[in-house]
Structure formats: structure tokens, C-alpha cells
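K.L.:
File coords-v3.cif below, mmCIF, C-alpha atoms:
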data_data
#
loop_
_atom_site.group_PDB
_atom_site.id
_atom_site.type_symbol
_atom_site.label_atom_id
_atom_site.label_comp_id
_atom_site.auth_asym_id
_atom_site.auth_seq_id
_atom_site.Cartn_x
_atom_site.Cartn_y
_atom_site.Cartn_z
ATOM 1 C CA MET A 116 0.000 0.000 0.000
ATOM 2 C CA SER A 117 1.274 3.482 -0.865
ATOM 3 C CA VAL A 118 1.096 6.574 1.318
ATOM 4 C CA ILE A 119 -1.494 8.045 -1.056
ATOM 5 C CA SER A 120 -3.764 4.984 -0.970
ATOM 6 C CA TYR A 121 -3.411 4.736 2.800
ATOM 7 C CA LEU A 122 -4.451 8.355 3.343
ATOM 8 C CA ASP A 123 -7.270 8.020 0.820
ATOM 9 C CA GLY A 124 -8.525 5.006 2.728
ATOM 10 C CA ARG A 125 -8.353 6.730 6.106
ATOM 11 C CA ALA A 126 -10.144 9.780 4.676
ATOM 12 C CA ASN A 127 -12.934 7.507 3.435
ATOM 13 C CA GLN A 128 -13.201 5.959 6.899
ATOM 14 C CA ALA A 129 -13.402 9.409 8.517
ATOM 15 C CA VAL A 130 -17.079 9.830 7.656
ATOM 16 C CA LEU A 131 -20.181 8.928 9.590
ATOM 17 C CA SER A 132 -21.458 5.447 8.845
ATOM 18 C CA ALA A 133 -25.019 4.974 7.662
ATOM 19 C CA LEU A 134 -25.837 3.531 11.094
ATOM 20 C CA GLU A 135 -24.367 6.553 12.913
ATOM 21 C CA GLU A 136 -26.169 8.970 10.628
ATOM 22 C CA ALA A 137 -29.466 7.147 11.107
ATOM 23 C CA SER A 138 -29.044 7.155 14.887
ATOM 24 C CA ILE A 139 -28.238 10.877 14.884
ATOM 25 C CA ASN A 140 -31.247 11.659 12.693
ATOM 26 C CA ILE A 141 -33.539 9.793 15.083
ATOM 27 C CA SER A 142 -32.111 11.739 18.039
ATOM 28 C CA ILE A 143 -32.529 15.036 16.179
ATOM 29 C CA GLN A 144 -36.150 14.232 15.384
ATOM 30 C CA THR A 145 -36.764 13.337 19.025
ATOM 31 C CA ILE A 146 -35.072 16.499 20.326
ATOM 32 C CA GLY A 147 -37.019 18.600 17.841
ATOM 33 C CA ASN A 148 -40.335 17.126 18.878
ATOM 34 C CA ARG A 149 -39.539 17.527 22.571
ATOM 35 C CA LEU A 150 -38.409 21.136 22.116
ATOM 36 C CA THR A 151 -41.629 21.964 20.285
ATOM 37 C CA SER A 152 -43.726 20.277 22.961
ATOM 38 C CA TYR A 153 -41.814 21.899 25.826
ATOM 39 C CA PHE A 154 -41.491 25.464 24.524
ATOM 40 C CA GLY A 155 -44.407 25.757 22.099
ATOM 41 C CA THR A 156 -44.566 29.188 20.456
ATOM 42 C CA ASN A 157 -41.645 30.421 22.566
ATOM 43 C CA ILE A 158 -39.342 29.064 19.871
ATOM 44 C CA SER A 159 -39.659 30.143 16.241
ATOM 45 C CA LYS A 160 -37.096 27.886 14.592
ATOM 46 C CA GLN A 161 -34.729 25.019 15.324
ATOM 47 C CA PHE A 162 -32.173 23.349 13.096
ATOM 48 C CA ARG A 163 -28.932 21.425 12.849
ATOM 49 C CA PHE A 164 -25.798 23.313 11.768
ATOM 50 C CA GLY A 165 -22.030 23.074 12.038
ATOM 51 C CA SER A 166 -19.609 20.387 10.861
ATOM 52 C CA SER A 167 -22.285 17.689 10.611
ATOM 53 C CA THR A 168 -23.981 19.733 7.866
ATOM 54 C CA ARG A 169 -20.653 20.355 6.090
ATOM 55 C CA ALA A 170 -19.622 16.665 5.982
ATOM 56 C CA THR A 171 -16.502 17.477 8.008
ATOM 57 C CA ILE A 172 -17.641 15.849 11.247
ATOM 58 C CA LEU A 173 -15.668 12.791 12.342
ATOM 59 C CA PRO A 174 -17.092 9.513 13.664
ATOM 60 C CA ARG A 175 -16.906 9.151 17.438
ATOM 61 C CA SER A 176 -14.362 6.350 16.881
ATOM 62 C CA MET A 177 -11.963 8.978 15.499
ATOM 63 C CA ASP A 178 -12.932 11.950 17.662
ATOM 64 C CA GLU A 179 -14.572 11.452 21.031
ATOM 65 C CA HIS A 180 -15.535 15.145 21.047
ATOM 66 C CA SER A 181 -17.571 14.951 17.841
ATOM 67 C CA ASP A 182 -20.866 16.706 18.369
ATOM 68 C CA ILE A 183 -24.010 17.904 16.654
ATOM 69 C CA ASP A 184 -24.613 21.659 16.779
ATOM 70 C CA TYR A 185 -28.307 22.407 17.127
ATOM 71 C CA MET A 186 -29.648 25.953 17.147
ATOM 72 C CA VAL A 187 -32.818 26.833 19.061
ATOM 73 C CA VAL A 188 -34.200 30.234 18.033
ATOM 74 C CA PHE A 189 -36.372 31.831 20.710
ATOM 75 C CA SER A 190 -39.227 34.095 19.679
ATOM 76 C CA ASP A 191 -39.094 36.432 22.681
ATOM 77 C CA SER A 192 -36.088 38.743 22.712
ATOM 78 C CA GLY A 193 -34.868 41.226 25.300
ATOM 79 C CA TYR A 194 -33.175 38.906 27.783
ATOM 80 C CA THR A 195 -29.559 38.024 28.487
ATOM 81 C CA PRO A 196 -28.057 34.894 26.902
ATOM 82 C CA GLN A 197 -27.960 33.228 30.312
ATOM 83 C CA THR A 198 -31.749 33.414 30.508
ATOM 84 C CA TYR A 199 -32.090 31.291 27.378
ATOM 85 C CA LEU A 200 -29.264 28.969 28.378
ATOM 86 C CA ASP A 201 -31.102 28.361 31.664
ATOM 87 C CA ARG A 202 -34.263 27.541 29.732
ATOM 88 C CA LEU A 203 -32.420 24.953 27.630
ATOM 89 C CA LYS A 204 -30.801 23.522 30.748
ATOM 90 C CA ARG A 205 -34.219 23.025 32.356
ATOM 91 C CA PHE A 206 -35.475 21.419 29.143
ATOM 92 C CA ALA A 207 -32.527 19.010 29.078
ATOM 93 C CA ASP A 208 -32.952 18.176 32.756
ATOM 94 C CA PHE A 209 -36.640 17.469 32.184
ATOM 95 C CA HIS A 210 -36.284 15.201 29.145
ATOM 96 C CA TYR A 211 -32.770 13.777 29.583
ATOM 97 C CA SER A 212 -32.342 13.527 33.337
ATOM 98 C CA SER A 213 -30.165 10.415 33.101
ATOM 99 C CA SER A 214 -27.738 12.020 30.617
ATOM 100 C CA ASP A 215 -24.675 14.144 31.278
ATOM 101 C CA ILE A 216 -25.740 17.792 30.919
ATOM 102 C CA LYS A 217 -23.562 20.868 31.348
ATOM 103 C CA GLN A 218 -23.245 24.458 30.181
ATOM 104 C CA SER A 219 -20.364 25.302 27.891
ATOM 105 C CA SER A 220 -21.047 28.775 26.530
ATOM 106 C CA PRO A 221 -22.576 29.409 24.084
ATOM 107 C CA SER A 222 -24.405 26.120 24.476
ATOM 108 C CA ILE A 223 -25.916 23.466 26.696
ATOM 109 C CA VAL A 224 -24.024 20.237 26.106
ATOM 110 C CA LEU A 225 -26.145 17.101 26.129
ATOM 111 C CA GLN A 226 -24.159 13.862 26.132
ATOM 112 C CA LEU A 227 -26.122 10.906 24.798
ATOM 113 C CA ASN A 228 -24.781 7.367 24.414
ATOM 114 C CA HIS A 229 -23.913 7.687 20.730
ATOM 115 C CA ILE A 230 -23.312 11.405 20.207
ATOM 116 C CA LYS A 231 -23.013 14.750 21.938
ATOM 117 C CA PHE A 232 -25.392 17.616 21.192
ATOM 118 C CA ASP A 233 -24.591 21.295 21.611
ATOM 119 C CA LEU A 234 -27.898 23.109 22.067
ATOM 120 C CA VAL A 235 -27.270 26.750 21.146
ATOM 121 C CA PRO A 236 -29.898 29.384 22.036
ATOM 122 C CA ALA A 237 -30.334 32.128 19.464
ATOM 123 C CA LEU A 238 -32.386 35.164 18.536
ATOM 124 C CA SER A 239 -33.361 36.105 14.983
ATOM 125 C CA ARG A 240 -31.816 39.275 13.520
ATOM 126 C CA TYR A 241 -35.018 40.092 11.624
ATOM 127 C CA PRO A 242 -35.199 41.868 9.193
ATOM 128 C CA TRP A 243 -31.427 41.906 8.548
ATOM 129 C CA GLY A 244 -30.967 38.165 8.444
ATOM 130 C CA GLY A 245 -28.771 35.836 10.458
ATOM 131 C CA PHE A 246 -28.923 35.216 14.176
ATOM 132 C CA GLN A 247 -27.452 36.234 17.497
ATOM 133 C CA ILE A 248 -25.910 33.640 19.788
ATOM 134 C CA PRO A 249 -24.367 34.007 23.257
ATOM 135 C CA ASN A 250 -20.990 35.628 23.667
ATOM 136 C CA GLY A 251 -20.664 34.823 27.328
ATOM 137 C CA PRO A 252 -23.594 34.972 29.785
ATOM 138 C CA ASN A 253 -24.498 38.619 29.170
ATOM 139 C CA LEU A 254 -23.576 39.569 25.600
ATOM 140 C CA TRP A 255 -24.723 38.549 22.134
ATOM 141 C CA GLN A 256 -22.751 38.074 18.915
ATOM 142 C CA ASP A 257 -23.984 37.995 15.332
ATOM 143 C CA THR A 258 -23.657 34.812 13.309
ATOM 144 C CA ASP A 259 -24.781 33.280 10.036
ATOM 145 C CA PRO A 260 -24.671 29.496 10.485
ATOM 146 C CA TYR A 261 -25.085 28.913 6.750
ATOM 147 C CA ASP A 262 -22.324 31.231 5.554
ATOM 148 C CA PHE A 263 -19.356 29.006 6.329
ATOM 149 C CA ASN A 264 -21.123 25.975 4.830
ATOM 150 C CA ALA A 265 -21.199 27.808 1.510
ATOM 151 C CA THR A 266 -17.500 28.644 1.860
ATOM 152 C CA ILE A 267 -16.571 25.006 2.502
ATOM 153 C CA THR A 268 -18.758 23.723 -0.340
ATOM 154 C CA ALA A 269 -17.244 26.193 -2.813
ATOM 155 C CA LYS A 270 -13.694 25.434 -1.635
ATOM 156 C CA ASN A 271 -14.227 21.694 -1.959
ATOM 157 C CA ALA A 272 -15.552 22.034 -5.514
ATOM 158 C CA ALA A 273 -12.728 24.394 -6.509
ATOM 159 C CA GLU A 274 -10.185 21.913 -5.133
ATOM 160 C CA HIS A 275 -11.637 18.976 -7.106
ATOM 161 C CA TYR A 276 -13.281 17.467 -4.017
ATOM 162 C CA ARG A 277 -9.994 16.711 -2.278
ATOM 163 C CA PHE A 278 -10.410 19.464 0.297
ATOM 164 C CA LYS A 279 -13.012 17.918 2.619
ATOM 165 C CA PRO A 280 -11.266 14.516 2.854
ATOM 166 C CA ALA A 281 -8.029 16.295 3.780
ATOM 167 C CA VAL A 282 -9.830 18.454 6.358
ATOM 168 C CA ARG A 283 -11.232 15.339 7.995
ATOM 169 C CA LEU A 284 -7.720 13.896 8.219
ATOM 170 C CA LEU A 285 -6.399 17.160 9.663
ATOM 171 C CA LYS A 286 -9.146 17.119 12.288
ATOM 172 C CA PHE A 287 -8.269 13.499 13.087
ATOM 173 C CA TRP A 288 -4.624 14.485 13.587
ATOM 174 C CA ASN A 289 -5.838 17.285 15.870
ATOM 175 C CA ALA A 290 -7.996 14.892 17.902
ATOM 176 C CA THR A 291 -5.198 12.342 18.326
ATOM 177 C CA ASN A 292 -2.840 15.075 19.510
ATOM 178 C CA GLY A 293 -4.886 16.444 22.373
ATOM 179 C CA TYR A 294 -6.836 19.057 20.371
ATOM 180 C CA VAL A 295 -4.042 21.471 19.588
ATOM 181 C CA PHE A 296 -6.591 23.706 17.851
ATOM 182 C CA ASP A 297 -10.283 24.455 18.139
ATOM 183 C CA SER A 298 -12.039 22.341 15.506
ATOM 184 C CA PHE A 299 -13.993 25.171 13.867
ATOM 185 C CA SER A 300 -10.930 27.429 13.776
ATOM 186 C CA LEU A 301 -8.988 24.621 12.113
ATOM 187 C CA GLU A 302 -11.591 24.357 9.336
ATOM 188 C CA LYS A 303 -11.545 28.122 8.805
ATOM 189 C CA TYR A 304 -7.752 28.060 8.632
ATOM 190 C CA ALA A 305 -7.754 25.260 6.049
ATOM 191 C CA ALA A 306 -10.352 27.038 3.927
ATOM 192 C CA GLY A 307 -8.098 30.078 3.671
ATOM 193 C CA LEU A 308 -5.050 28.259 2.283
ATOM 194 C CA ASN A 309 -3.810 28.089 -1.309
ATOM 195 C CA TYR A 310 -3.274 24.512 -2.497
ATOM 196 C CA TYR A 311 -1.246 25.194 -5.611
ATOM 197 C CA GLY A 312 0.773 22.097 -6.461
ATOM 198 C CA ALA A 313 -1.368 19.698 -4.417
ATOM 199 C CA TYR A 314 -2.788 16.944 -6.613
ATOM 200 C CA ASN A 315 -4.168 14.412 -4.140
ATOM 201 C CA VAL A 316 -5.497 14.185 -0.599
ATOM 202 C CA ALA A 317 -1.979 13.593 0.717
ATOM 203 C CA GLY A 318 -0.743 16.807 -0.885
ATOM 204 C CA TYR A 319 -3.629 18.774 0.588
ATOM 205 C CA LEU A 320 -2.974 17.358 4.049
ATOM 206 C CA TYR A 321 0.737 18.156 3.824
ATOM 207 C CA THR A 322 -0.049 21.739 2.794
ATOM 208 C CA MET A 323 -2.413 22.123 5.746
ATOM 209 C CA ILE A 324 0.150 20.767 8.207
ATOM 210 C CA ASN A 325 3.124 22.687 6.833
ATOM 211 C CA ASN A 326 1.269 25.988 7.155
ATOM 212 C CA LEU A 327 0.074 25.449 10.716
ATOM 213 C CA GLY A 328 1.153 28.135 13.119
ATOM 214 C CA VAL A 329 1.010 28.362 16.892
ATOM 215 C CA GLY A 330 1.141 31.721 18.640
ATOM 216 C CA TYR A 331 4.208 32.686 20.638
ATOM 217 C CA MET A 332 2.241 32.727 23.878
ATOM 218 C CA GLU A 333 0.636 29.315 23.334
ATOM 219 C CA ALA A 334 1.561 26.307 25.482
ATOM 220 C CA GLN A 335 4.773 24.538 24.550
ATOM 221 C CA TRP A 336 3.035 21.205 24.058
ATOM 222 C CA ARG A 337 0.982 22.725 21.240
ATOM 223 C CA LYS A 338 4.104 23.992 19.529
ATOM 224 C CA ASP A 339 5.759 20.579 19.949
ATOM 225 C CA ARG A 340 2.831 18.701 18.378
ATOM 226 C CA VAL A 341 2.776 21.003 15.356
ATOM 227 C CA GLU A 342 6.547 20.859 14.885
ATOM 228 C CA ARG A 343 6.536 17.064 15.095
ATOM 229 C CA ALA A 344 3.807 16.842 12.453
ATOM 230 C CA LYS A 345 5.803 19.091 10.115
ATOM 231 C CA GLN A 346 8.938 17.021 10.636
ATOM 232 C CA LEU A 347 7.018 13.830 9.870
ATOM 233 C CA VAL A 348 5.663 15.312 6.625
ATOM 234 C CA THR A 349 9.220 16.144 5.609
ATOM 235 C CA SER A 350 10.346 12.605 6.436
ATOM 236 C CA VAL A 351 7.513 11.028 4.456
ATOM 237 C CA ARG A 352 8.369 13.058 1.384
ATOM 238 C CA GLN A 353 12.081 12.272 1.680
ATOM 239 C CA TYR A 354 11.472 8.541 2.004
ATOM 240 C CA GLU A 355 9.114 8.568 -0.972
ATOM 241 C CA ALA A 356 11.664 10.470 -3.075
ATOM 242 C CA ALA A 357 14.256 7.831 -2.163
ATOM 243 C CA GLY A 358 11.895 5.021 -3.171
ATOM 244 C CA LEU A 359 11.530 3.786 0.407
ATOM 245 C CA TYR A 360 7.751 3.510 0.187
ATOM 246 C CA GLN A 361 7.211 1.108 3.075
ATOM 247 C CA VAL A 362 9.219 3.333 5.416
ATOM 248 C CA ALA A 363 7.265 6.354 4.143
ATOM 249 C CA GLU A 364 3.996 4.609 4.974
ATOM 250 C CA THR A 365 5.272 3.790 8.472
ATOM 251 C CA GLU A 366 6.077 7.467 8.970
ATOM 252 C CA VAL A 367 2.741 8.759 7.704
ATOM 253 C CA LYS A 368 0.971 6.476 10.162
ATOM 254 C CA LYS A 369 2.619 8.504 12.931
ATOM 255 C CA ILE A 370 0.594 11.468 11.637
ATOM 256 C CA ILE A 371 -2.617 9.622 10.772
ATOM 257 C CA PRO A 372 -2.762 6.427 12.858
ATOM 258 C CA GLU A 373 -4.531 3.257 11.779
#
Translate the structure of the given file into C-alpha cells.

P.N.:
Amino acid sequence: MSVISYLDGRANQAVLSALEEASINISIQTIGNRLTSYFGTNISKQFRFGSSTRATILPRSMDEHSDIDYMVVFSDSGYTPQTYLDRLKRFADFHYSSSDIKQSSPSIVLQLNHIKFDLVPALSRYPWGGFQIPNGPNLWQDTDPYDFNATITAKNAAEHYRFKPAVRLLKFWNATNGYVFDSFSLEKYAAGLNYYGAYNVAGYLYTMINNLGVGYMEAQWRKDRVERAKQLVTSVRQYEAAGLYQVAETEVKKIIPE
């Protein structure tokens, strides 16, 4: 097996299985029905967003922090974000009392057996469009949950559909290295890169890794993980150039484990 075929295979495995997707869809339908029953006309809209709608979410087997972002748009404005977070917490306690529930601004995190849900309270920015979500317990921030999806879709098409598979591998590297970066920030970073000269998923992944940067004030362990990944990419390329393909594959598995 070559490095390219190995990475292609791992990228194909880094997608939700049909069983996982079906289980998530059932949970979403249940949460939606319970939210409607619990809040009635106090919510105007609810929907799934985030990496699971961009096809960049990883299976739980590859990222234990994989979650489903779910926005709950309340119809009555004028309160602090904490007011709406408290409402969602009471909802979760009522319907999911046996589950692990906690607040992690800007959301209420609901841990089910098969997946984690981030319930995000929001207000509509009518008539301007978009939404407001919590920025701490007392402040709001504007957001358009669909905007970045369009960016990722366009980038993937422009990069001949090699971009998303490489992003999933990058996120897997991040997960196996203690979450050096925030997952959403990592996707935004990757979307802003130029991939000139990259012709396969491996090339896209190498470009993403080689351009990673960690701030001067960041923890040393983060810097070490990034530097090690860059050194491994260099080693893989050197071994391939020398015709040592089996050694190159062994090295790449230190970046993207089996």
C-alpha cells in the first residue's frame, strides 16, 4: 500500500457510517419534537448546523468530542443569553435527566450514548438576516450558520473534491494530539489556504500541516505537536523520493494512525 492509498482510505473511513447517521437523525427528530412540545410558540425555529452539515464531522471512533450543533431560536427577545441557556438547561434536565448535561457557553451540552449535542440558544436578527448567539452569559454576537457551509462547499468544488477529505484527516490528527486547535478554527484556517501544487489528498494534508502556526504565547506542548507533524511530513516526502515507500507509509501512520 502506498502513502497516497493509505491516506485516501483513512479519509474515506473518517465519515459517519449509515448507522451513525441514522441514529443521529432519530435523536434530532426526538429532540425537535420535545423542544416543540416543551417550549411551544416560545421558539420560532430550530435546526442542525455546524460540521455535521458540512460533511466534516468525524465519527466518534476517530474523535470522542464529535458533536451535533443544534440551534434553538427563541421568539421572545430582550433577555440576556444566560436566561435562554437556563431555559435549555431546564429542558434538558426534564427530558434527559439520566444524561450528562452541562453548560459550555454558548451552548448546553447534552451527552447521549452515541453522540453529543450542543444546544445553542439564538435570537433572529429580523429583518437583517442571520442570528445572534451568546458571547458569554451577558452579551450577544452575530452569526450566520449557513455562511461558512457555503464557503466550505465552494472550496471543496474548486479543489476537485480533495479538500473535505483532507480536512477530515487534519481534524483526526488534531484529535489524536490532544486538540491542539479548536475544531472550527482549524476548518476556517484550512479554507483560507492556497493549495497550488497539491494533486491528491496527501498533498492537501501536507499543505495544511506545513502551514500550521502556533502563537508565541501558546503552550509549549501545542508547539511541539505542530513541529513534530511538520517534521514527519518532511520525512515522508524524503522517504518517498528515495523510493523507500514502506518506510514512508510507516512514517505517515505517525501522523494519521490506523

K.L.:
Give me the residues near Ile216 of chain A as a PyMOL selection string, where near means some atom within 8 Å (using only C-alpha atoms) and where sequence neighbours in that chain fewer than 4 positions away do not count.

P.N.:
chain A and resi 204+207-208+223-226

K.L.:
Using all atoms listed in the file, determine which residues lie at most 7 Å from segment 330-337 of chain A, disregarding the query and same-chain residues fewer than 3 positions distant; provide the list as a PDB file with C-alpha atoms, in the coordinates of the input.

P.N.:
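The result, stored in part.pdb:
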ATOM      1  CA  VAL A 295      -4.042  21.471  19.588  1.00  0.00           C
ATOM      2  CA  ARG A 340       2.831  18.701  18.378  1.00  0.00           C
ATOM      3  CA  VAL A 341       2.776  21.003  15.356  1.00  0.00           C
TER       4      VAL A 341
END

K.L.:
Once the PyMOL selection byres ((chain A and resi 179) around 12) is applied to the coordinates I shared, what remains selected? I want it as a compact mmCIF listing (two decimals) with C-alpha atoms, in the frame of the given file.

P.N.:
# COMPACT_ATOMS: atom_id res chain seq x y z
CA ILE A 172 -17.64 15.85 11.25
CA LEU A 173 -15.67 12.79 12.34
CA PRO A 174 -17.09 9.51 13.66
CA ARG A 175 -16.91 9.15 17.44
CA SER A 176 -14.36 6.35 16.88
CA MET A 177 -11.96 8.98 15.50
CA ASP A 178 -12.93 11.95 17.66
CA HIS A 180 -15.54 15.14 21.05
CA SER A 181 -17.57 14.95 17.84
CA ASP A 182 -20.87 16.71 18.37
CA GLN A 226 -24.16 13.86 26.13
CA ASN A 228 -24.78 7.37 24.41
CA HIS A 229 -23.91 7.69 20.73
CA ILE A 230 -23.31 11.40 20.21
CA LYS A 231 -23.01 14.75 21.94
CA LYS A 286 -9.15 17.12 12.29
CA PHE A 287 -8.27 13.50 13.09
CA ASN A 289 -5.84 17.28 15.87
CA ALA A 290 -8.00 14.89 17.90
CA THR A 291 -5.20 12.34 18.33
CA GLY A 293 -4.89 16.44 22.37
CA TYR A 294 -6.84 19.06 20.37

K.L.:
Run through the PyMOL selection byres ((chain A and resi 233) around 6) on the given coordinates and return the selected residues as a JSON list (two decimals) with C-alpha atoms, keeping the file's coordinate frame.

P.N.:
[["chain", "number", "residue", "atom", "x", "y", "z"],
["A", 184, "ASP", "CA", -24.61, 21.66, 16.78],
["A", 185, "TYR", "CA", -28.31, 22.41, 17.13],
["A", 222, "SER", "CA", -24.40, 26.12, 24.48],
["A", 223, "ILE", "CA", -25.92, 23.47, 26.70],
["A", 224, "VAL", "CA", -24.02, 20.24, 26.11],
["A", 232, "PHE", "CA", -25.39, 17.62, 21.19],
["A", 234, "LEU", "CA", -27.90, 23.11, 22.07]]

K.L.:
What residues come out when you apply the PyMOL selection byres ((chain A and resi 153) around 12) to this file, written as an NGL selection string?

P.N.:
:A and (146-152 or 154-158 or 202-203 or 205-210)

K.L.:
Taking 2 positions as the minimum chain separation for residues in the same chain, which residues sit within 8 Å of segment 349-365 of chain A when counting all atoms listed in the file? Answer as a short mmCIF file (atom, residue, chain, number, x, y, z; two decimals) with C-alpha atoms, in the coordinates of the input.

P.N.:
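Result written to result_9.cif:
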data_model
loop_
_atom_site.label_atom_id
_atom_site.label_comp_id
_atom_site.auth_asym_id
_atom_site.auth_seq_id
_atom_site.Cartn_x
_atom_site.Cartn_y
_atom_site.Cartn_z
CA MET A 116 0.00 0.00 0.00
CA SER A 117 1.27 3.48 -0.86
CA VAL A 118 1.10 6.57 1.32
CA TYR A 121 -3.41 4.74 2.80
CA LYS A 345 5.80 19.09 10.12
CA GLN A 346 8.94 17.02 10.64
CA LEU A 347 7.02 13.83 9.87
CA VAL A 367 2.74 8.76 7.70
CA LYS A 368 0.97 6.48 10.16
CA LYS A 369 2.62 8.50 12.93
#

K.L.:
Could you check the closest approach to Gln128 of chain A for each of A:Leu284, A:Met323, A:Leu200, A:Ile143 and tell me which residue wins, using all atoms listed in the file?

P.N.:
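Of A:Leu284, A:Met323, A:Leu200, A:Ile143, the one nearest Gln128 of chain A, counting all atoms listed in the file, is A:Leu284.
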
K.L.:
Point out the residue among A:Leu134, A:Ile183, A:Ile324, A:Ala306 with the least atom-to-atom distance to Ala272 of chain A, counting all atoms listed in the file.

P.N.:
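That would be A:Ala306, the residue with the smallest distance to Ala272 of chain A.
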
K.L.:
Would you please work out which residue, of A:Thr266, A:Thr145, A:Asn253, A:Ser298, is nearest to Thr195 of chain A when using all atoms listed in the file?

P.N.:
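Smallest separation from Thr195 of chain A among the options: A:Asn253.
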
K.L.:
Please return the centre and edge lengths, in Å to one decimal, of a box with edges along x, y and z that contains all listed atoms of segment 288-304 of chain A, widened by 5 Å on every side, as JSON.

P.N.:
{"center_x": -8.4, "center_y": 20.2, "center_z": 15.5, "size_x": 21.2, "size_y": 25.8, "size_z": 23.7}

K.L.:
Between A:Leu227, A:Leu320, A:Gln256, A:Leu327, which residue has the minimum interatomic distance to Ser138 of chain A, considering all atoms listed in the file?

P.N.:
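Under the stated criterion, the closest residue is A:Leu227.
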
K.L.:
Mind pulling up the distance from atom CA of Leu238 of chain A to atom CA of Gln144 of chain A?

P.N.:
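Atom-to-atom, atom CA of Gln144 of chain A and atom CA of Leu238 of chain A are spaced 21.5 Å apart.
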
K.L.:
Extract, using all atoms listed in the file, all DNA, RNA and protein residues at most 6 Å from Ser159 of chain A, discarding same-chain residues fewer than 2 positions from it, and format them as a list in words.

P.N.:
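Residues meeting the cut-off are Val188, Phe189 and Ser190 of chain A.
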
K.L.:
Using all atoms listed in the file, determine which residues lie at most 8 Å from Ile267 of chain A, disregarding the query and same-chain residues fewer than 3 positions distant; provide the list as a ChimeraX atom specification.

P.N.:
/A:169,263-264,270-271,279,306

K.L.:
I'd like to know which of A:Gln197, A:Ser192, A:Gln247, A:Asn326 is closest to Ala305 of chain A, using only C-alpha atoms.

P.N.:
A:Asn326

K.L.:
Given the point (-32.4, 31.6, 10.5) in the file's coordinates, find the residues that have an atom at most 10 Å from it, counting only C-alpha atoms, and give them as a list in words.

P.N.:
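Answer for this query, in the requested form: Ser159, Lys160, Gln161, Phe162, Met186, Val187, Val188, Ala237, Leu238, Ser239, Arg240, Tyr241, Gly244, Gly245, Phe246, Gln247, Thr258, Asp259, Pro260 and Tyr261 of chain A.
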
K.L.:
Only C-alpha atoms, please: the residues just picked out, written as a short mmCIF file (atom, residue, chain, number, x, y, z; two decimals), in the frame of the given file.

P.N.:
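This is the output file result-v4.cif:
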data_model
loop_
_atom_site.label_atom_id
_atom_site.label_comp_id
_atom_site.auth_asym_id
_atom_site.auth_seq_id
_atom_site.Cartn_x
_atom_site.Cartn_y
_atom_site.Cartn_z
CA SER A 159 -39.66 30.14 16.24
CA LYS A 160 -37.10 27.89 14.59
CA GLN A 161 -34.73 25.02 15.32
CA PHE A 162 -32.17 23.35 13.10
CA MET A 186 -29.65 25.95 17.15
CA VAL A 187 -32.82 26.83 19.06
CA VAL A 188 -34.20 30.23 18.03
CA ALA A 237 -30.33 32.13 19.46
CA LEU A 238 -32.39 35.16 18.54
CA SER A 239 -33.36 36.10 14.98
CA ARG A 240 -31.82 39.28 13.52
CA TYR A 241 -35.02 40.09 11.62
CA GLY A 244 -30.97 38.16 8.44
CA GLY A 245 -28.77 35.84 10.46
CA PHE A 246 -28.92 35.22 14.18
CA GLN A 247 -27.45 36.23 17.50
CA THR A 258 -23.66 34.81 13.31
CA ASP A 259 -24.78 33.28 10.04
CA PRO A 260 -24.67 29.50 10.48
CA TYR A 261 -25.08 28.91 6.75
#

K.L.:
Between A:Phe278, A:Tyr311, A:Phe164, A:Tyr304, which one has atoms that come closest to Asp123 of chain A, using only C-alpha atoms?

P.N.:
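Among the listed residues, the smallest separation from Asp123 of chain A belongs to A:Phe278.
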
K.L.:
Quick one: pull the distance between atom CA of Asp297 of chain A and atom CA of Thr198 of chain A, Å, one decimal.

P.N.:
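Calculated distance between atom CA of Asp297 of chain A and atom CA of Thr198 of chain A is 26.3 Å.
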